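Undergrad: Please read through the structure below; I'll follow up with questions.
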Amino acid sequence: MKTYINILILLITILSCTSCSEELVSQSQTGILRGKIVKKGTNEPIANVKVFTAPSTKTTFSDKDGMFEIKDIPSGSYSVKAELSGYVSVFQAVNIQNQSQVVTVVFEMNDDDSLNSPPTAPQLVSPVDNAVNQPLNVQLSWNATDPDKADSLTYKLTVKNNINTDVIVVNNLKVKNYTLSNLQFGVSYFWQISASDGIHSEVLSPIFKFTTNTTPANRYHYVRKQNGNFVILSSDTAGNNFQLTNSSNSSWRPRKNNNAGLIAFLRNDAGGSHIFTAHPDGSNVFKVTQIPVAGFNQSELDFSWNTTGSMFLYSNFDKLYKINKDGTGQQLVYTTPDGSLISEVDWSYDNTKIAIKTNNFNGYNTKILIIDMLGNVLQNVFAAATGATGGLNFSIDGQKLLYTHDVSGYQDANYRQLDSHIFIYNLVNNTIIDASLQSNKPIGTNDLDPRFSPNNAQIIFVNTSNDNISQKNIFLIDLNNTGVDFIRGILFSNGEMPDFE
């Protein structure tokens, strides 16, 4: 009996030892986790991604090739996590079973941008599609939204037209409107907006079209100082105007010819003053002269169309030239016999007479002469040793001539005038009317640059203080008044060198 008991104890001991041995082997079994981390969609390897498990074992980081490895992972089930700033964290389940097992995984990671939504296509608001009769300065407006409220949108404006290949591109707009300036009359413009949140590709709007007004048949043109240069303005009787030239060049002394359908003016070019022409909307600028318009003071220089609009008369120091409007056929018409300078010229409506003003190199010792097309002197109108003179303009019938003269006789190096009056000289009976005196010119002011209206019923001119720095304004004198005095009234503020055609 005792023998049986000893055998039973031995068996229990052996079984107990065997059970303990199996539990220790199970706890010591480990495996290896290897993997690669790439960017989703491109399979580019991602370096420095943190990789760890739950339950926790070891933490490692991917190398430059996106590879990682965790050794000696005890057998069991794990959730493996990969995370990197700027990317969406990813998880993957793995199971480690025994020491010989190598588990391989691949993580595809999206960057944070993949969770971001693109902006909506911009909606164009104003002008509406196919809008017509738009001004030359048009405010464009649009709407756009982004589902991700934190995103800041920027816009790009692209504008094309139907007359040339010019493209206007405005980048990095932060607001939903933009004003297009200095457009051309009668042109159709096509505009489109693209929106960007800085993450996705630009989103495009539809293409809208608008057309500007046709060119108005304005009868008034004058100049105004802008950024130190003269610019030419075109205006109607109500004062609605647009800028014909830009301030990048100084352009002055506008002269419209309805028969030619052109505006002529003086502009600085290549170190001299030259005659240019342009269409009434300011387009198609053309340089006429090669020999410059020259005299003692470029702001006092003037030139003249013929009636048909086919040619010009202009001066170059002591010489008077005739030239076709296309720049051909230049001819010498007259040369002063005493070397005096020709500063101003006007051509009669019937093209038979020319009025010229001559002066010395300081602008004084002036003479006004009437010559024919062969250069013969027909009439001496005016002469003065002192005081500034200018403003020549024939009446339509060629029987009257406007001019100005500073009756104070003042002279200085700045060509300042103290009391300049407008005179109407009758070429038939040699009588003179002081239009400034008869229209009650204010004391201390000058009347300058007079021009007859197209029907000879008015005179358009400039009035300004004689302090030589005050603003210049454009006035009209009505010659139809039945009383003793003419009536004067302001036409445009801040303007000079007027033309009324």
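Chain labels follow the order of the structure tokens: the first chain is A, the next B, and so on; residue numbering restarts at 1 in every chain, and ligands are counted from 1 in their shown order.
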I'd like the contact shell of Phe107 (chain A) - 9 Å cut-off, only C-alpha atoms, skipping same-chain residues fewer than 3 positions apart - returned as a compact mmCIF listing (two decimals) with N, CA and C atoms, in the first residue's frame.

TA:
# COMPACT_ATOMS: atom_id res chain seq x y z
N GLY A 35 7.88 46.97 -41.28
CA GLY A 35 6.92 47.64 -42.15
C GLY A 35 7.51 48.82 -42.92
N LYS A 36 6.66 49.38 -43.76
CA LYS A 36 7.04 50.56 -44.55
C LYS A 36 5.89 51.55 -44.52
N ILE A 37 6.25 52.84 -44.48
CA ILE A 37 5.23 53.90 -44.43
C ILE A 37 5.37 54.76 -45.67
N VAL A 38 4.27 54.91 -46.41
CA VAL A 38 4.29 55.68 -47.65
C VAL A 38 3.12 56.65 -47.66
N LYS A 39 3.22 57.66 -48.55
CA LYS A 39 2.13 58.62 -48.72
C LYS A 39 1.09 58.02 -49.64
N LYS A 40 -0.15 58.10 -49.21
CA LYS A 40 -1.23 57.51 -49.99
C LYS A 40 -1.39 58.23 -51.33
N ALA A 82 0.79 54.57 -36.39
CA ALA A 82 1.82 55.42 -37.03
C ALA A 82 1.32 56.86 -37.01
N VAL A 90 -2.64 56.63 -38.51
CA VAL A 90 -3.27 55.40 -39.00
C VAL A 90 -2.99 54.26 -38.02
N PHE A 91 -3.88 53.26 -37.98
CA PHE A 91 -3.78 52.09 -37.11
C PHE A 91 -3.85 50.83 -37.96
N GLN A 92 -3.24 49.77 -37.43
CA GLN A 92 -3.35 48.47 -38.10
C GLN A 92 -3.20 47.36 -37.04

Undergrad: Just the residues within 8 Å of Ile32 (chain A), please, counting only C-alpha atoms, with nothing from its chain fewer than 2 positions along; format it as a list in words.

TA: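 In the requested form, the answer reads Thr30, Arg34, Glu69, Ile70, Lys71, Asp72, Ile73, Ile96, Gln99, Gln101, Val102 and Val103 of chain A.
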
Undergrad: Please, could you write that set of residues out with N, CA and C atoms as a PDB file, in the first residue's frame?

TA:
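Everything below was put into part36.pdb:
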ATOM      1  N   THR A  30       8.507  35.434 -28.728  1.00  0.00           N
ATOM      2  CA  THR A  30       8.468  36.811 -29.294  1.00  0.00           C
ATOM      3  C   THR A  30       8.542  36.745 -30.813  1.00  0.00           C
ATOM      4  N   ARG A  34       7.865  44.291 -38.873  1.00  0.00           N
ATOM      5  CA  ARG A  34       8.550  45.137 -39.857  1.00  0.00           C
ATOM      6  C   ARG A  34       7.503  45.801 -40.748  1.00  0.00           C
ATOM      7  N   GLU A  69      11.293  48.815 -37.891  1.00  0.00           N
ATOM      8  CA  GLU A  69      11.302  47.447 -37.358  1.00  0.00           C
ATOM      9  C   GLU A  69      11.222  47.507 -35.838  1.00  0.00           C
ATOM     10  N   ILE A  70      10.385  46.631 -35.275  1.00  0.00           N
ATOM     11  CA  ILE A  70      10.306  46.458 -33.818  1.00  0.00           C
ATOM     12  C   ILE A  70      10.568  44.984 -33.523  1.00  0.00           C
ATOM     13  N   LYS A  71      11.651  44.723 -32.775  1.00  0.00           N
ATOM     14  CA  LYS A  71      12.027  43.344 -32.455  1.00  0.00           C
ATOM     15  C   LYS A  71      11.488  42.945 -31.080  1.00  0.00           C
ATOM     16  N   ASP A  72      11.524  41.628 -30.854  1.00  0.00           N
ATOM     17  CA  ASP A  72      11.214  41.046 -29.539  1.00  0.00           C
ATOM     18  C   ASP A  72       9.851  41.452 -29.025  1.00  0.00           C
ATOM     19  N   ILE A  73       8.876  41.379 -29.898  1.00  0.00           N
ATOM     20  CA  ILE A  73       7.507  41.654 -29.477  1.00  0.00           C
ATOM     21  C   ILE A  73       6.914  40.352 -28.959  1.00  0.00           C
ATOM     22  N   ILE A  96       1.110  38.501 -33.209  1.00  0.00           N
ATOM     23  CA  ILE A  96       2.416  37.858 -33.080  1.00  0.00           C
ATOM     24  C   ILE A  96       2.189  36.491 -32.433  1.00  0.00           C
ATOM     25  N   GLN A  99       8.228  32.768 -32.072  1.00  0.00           N
ATOM     26  CA  GLN A  99       9.527  33.402 -32.223  1.00  0.00           C
ATOM     27  C   GLN A  99       9.988  33.468 -33.668  1.00  0.00           C
ATOM     28  N   GLN A 101       8.211  34.065 -36.185  1.00  0.00           N
ATOM     29  CA  GLN A 101       7.307  34.834 -37.051  1.00  0.00           C
ATOM     30  C   GLN A 101       7.827  36.265 -37.251  1.00  0.00           C
ATOM     31  N   VAL A 102       7.806  36.721 -38.516  1.00  0.00           N
ATOM     32  CA  VAL A 102       8.066  38.129 -38.870  1.00  0.00           C
ATOM     33  C   VAL A 102       6.798  38.665 -39.527  1.00  0.00           C
ATOM     34  N   VAL A 103       6.191  39.629 -38.861  1.00  0.00           N
ATOM     35  CA  VAL A 103       4.959  40.220 -39.398  1.00  0.00           C
ATOM     36  C   VAL A 103       5.327  41.500 -40.165  1.00  0.00           C
TER      37      VAL A 103
END

Undergrad: Would you work out the distance separating CA of Leu392 (chain A) from CA of Gly271 (chain A), expressed in Å to one decimal?

TA: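 Atom-to-atom, CA of Leu392 (chain A) to CA of Gly271 (chain A), that is 26.2 Å.
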
Undergrad: Please identify all polymer residues within 9 Å of Val128 (chain A), counting only C-alpha atoms, omitting same-chain residues fewer than 3 positions from it, and present them as number ranges by chain.

TA: A: 124-125, 131, 208-210

Undergrad: Using only C-alpha atoms, determine which residues lie at most 9 Å from Ser348 (chain A), disregarding the query and same-chain residues fewer than 2 positions distant; provide the list as a ChimeraX atom specification.

TA: /A:306-307,346,350-355,393-398

Undergrad: At a cut-off of 12 Å, using only C-alpha atoms, what residues contact Ser89 (chain A)? Leave out same-chain residues fewer than 2 positions from it and give the result as a list in words.

TA: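 Near neighbours after the sequence-gap exclusion: Ile37, Lys39, Val49, Lys50, Val51, Phe52, Val80, Lys81, Ala82, Glu83, Leu84, Ser85, Gly86, Tyr87, Phe91, Gln92, Phe107, Glu108, Met109, Asn110, Asp111 and Asp112 of chain A.
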
Undergrad: Residues of the last selection are to be written out with C-alpha atoms, as an mmCIF file, in the first residue's frame.

TA:
data_model
loop_
_atom_site.group_PDB
_atom_site.id
_atom_site.type_symbol
_atom_site.label_atom_id
_atom_site.label_comp_id
_atom_site.auth_asym_id
_atom_site.auth_seq_id
_atom_site.Cartn_x
_atom_site.Cartn_y
_atom_site.Cartn_z
ATOM 1 C CA ILE A 37 5.227 53.896 -44.431
ATOM 2 C CA LYS A 39 2.135 58.620 -48.716
ATOM 3 C CA VAL A 49 7.062 58.574 -38.540
ATOM 4 C CA LYS A 50 6.573 57.443 -34.945
ATOM 5 C CA VAL A 51 5.467 53.783 -34.717
ATOM 6 C CA PHE A 52 4.313 52.142 -31.475
ATOM 7 C CA VAL A 80 0.074 49.337 -34.266
ATOM 8 C CA LYS A 81 -0.148 53.124 -34.674
ATOM 9 C CA ALA A 82 1.817 55.415 -37.029
ATOM 10 C CA GLU A 83 1.740 59.178 -36.441
ATOM 11 C CA LEU A 84 3.523 62.269 -37.795
ATOM 12 C CA SER A 85 2.645 65.935 -37.566
ATOM 13 C CA GLY A 86 0.932 67.062 -40.770
ATOM 14 C CA TYR A 87 -0.446 63.610 -41.505
ATOM 15 C CA PHE A 91 -3.785 52.092 -37.112
ATOM 16 C CA GLN A 92 -3.349 48.471 -38.098
ATOM 17 C CA PHE A 107 0.985 52.012 -43.738
ATOM 18 C CA GLU A 108 -0.496 54.486 -46.286
ATOM 19 C CA MET A 109 -0.796 57.917 -44.703
ATOM 20 C CA ASN A 110 -2.837 60.891 -45.906
ATOM 21 C CA ASP A 111 -1.590 64.379 -45.162
ATOM 22 C CA ASP A 112 -3.923 66.720 -43.328
#

Undergrad: Can you tell me, as a ChimeraX atom specification, which residues in region 331-414 of chain A count as strand (DSSP E) by DSSP?

TA: /A:331-335,341-347,354-359,366-371,377-384,389-394,400-406

Undergrad: For Arg255 (chain A), which residue out of A:Ala47, A:Asn171, A:Glu501, A:Asn473 is the nearest one, using only C-alpha atoms?

TA: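 Checking each candidate against Arg255 (chain A), we get A:Glu501 as the closest.
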
Undergrad: Take CA of His279 (chain A) and CA of Ile459 (chain A) and report the distance between them in Å, one decimal.

TA: 25.4 Å

Undergrad: Looking at only C-alpha atoms, which of A:Thr215, A:Asn48, A:Asn249, A:Asn258 is the one that sits closest to Gly228 (chain A)?

TA: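 Of A:Thr215, A:Asn48, A:Asn249, A:Asn258, the one nearest Gly228 (chain A) is A:Asn249, counting only C-alpha atoms.
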
Undergrad: Within 12 Å of Val203 (chain A), counting only C-alpha atoms, which residues qualify if same-chain residues fewer than 2 places away don't, as a list of chain:residue names?

TA: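 My list of contacting residues is A:Ser117, A:Pro118, A:Pro119, A:Thr120, A:Ala121, A:Pro122, A:Gln123, A:Ala144, A:Thr145, A:Asp146, A:Leu153, A:Thr154, A:Tyr155, A:Lys156, A:Gln192, A:Ile193, A:Ser194, A:Ala195, A:Ser196, A:Asp197, A:Gly198, A:Ile199, A:His200, A:Ser201, A:Ser205, A:Pro206.
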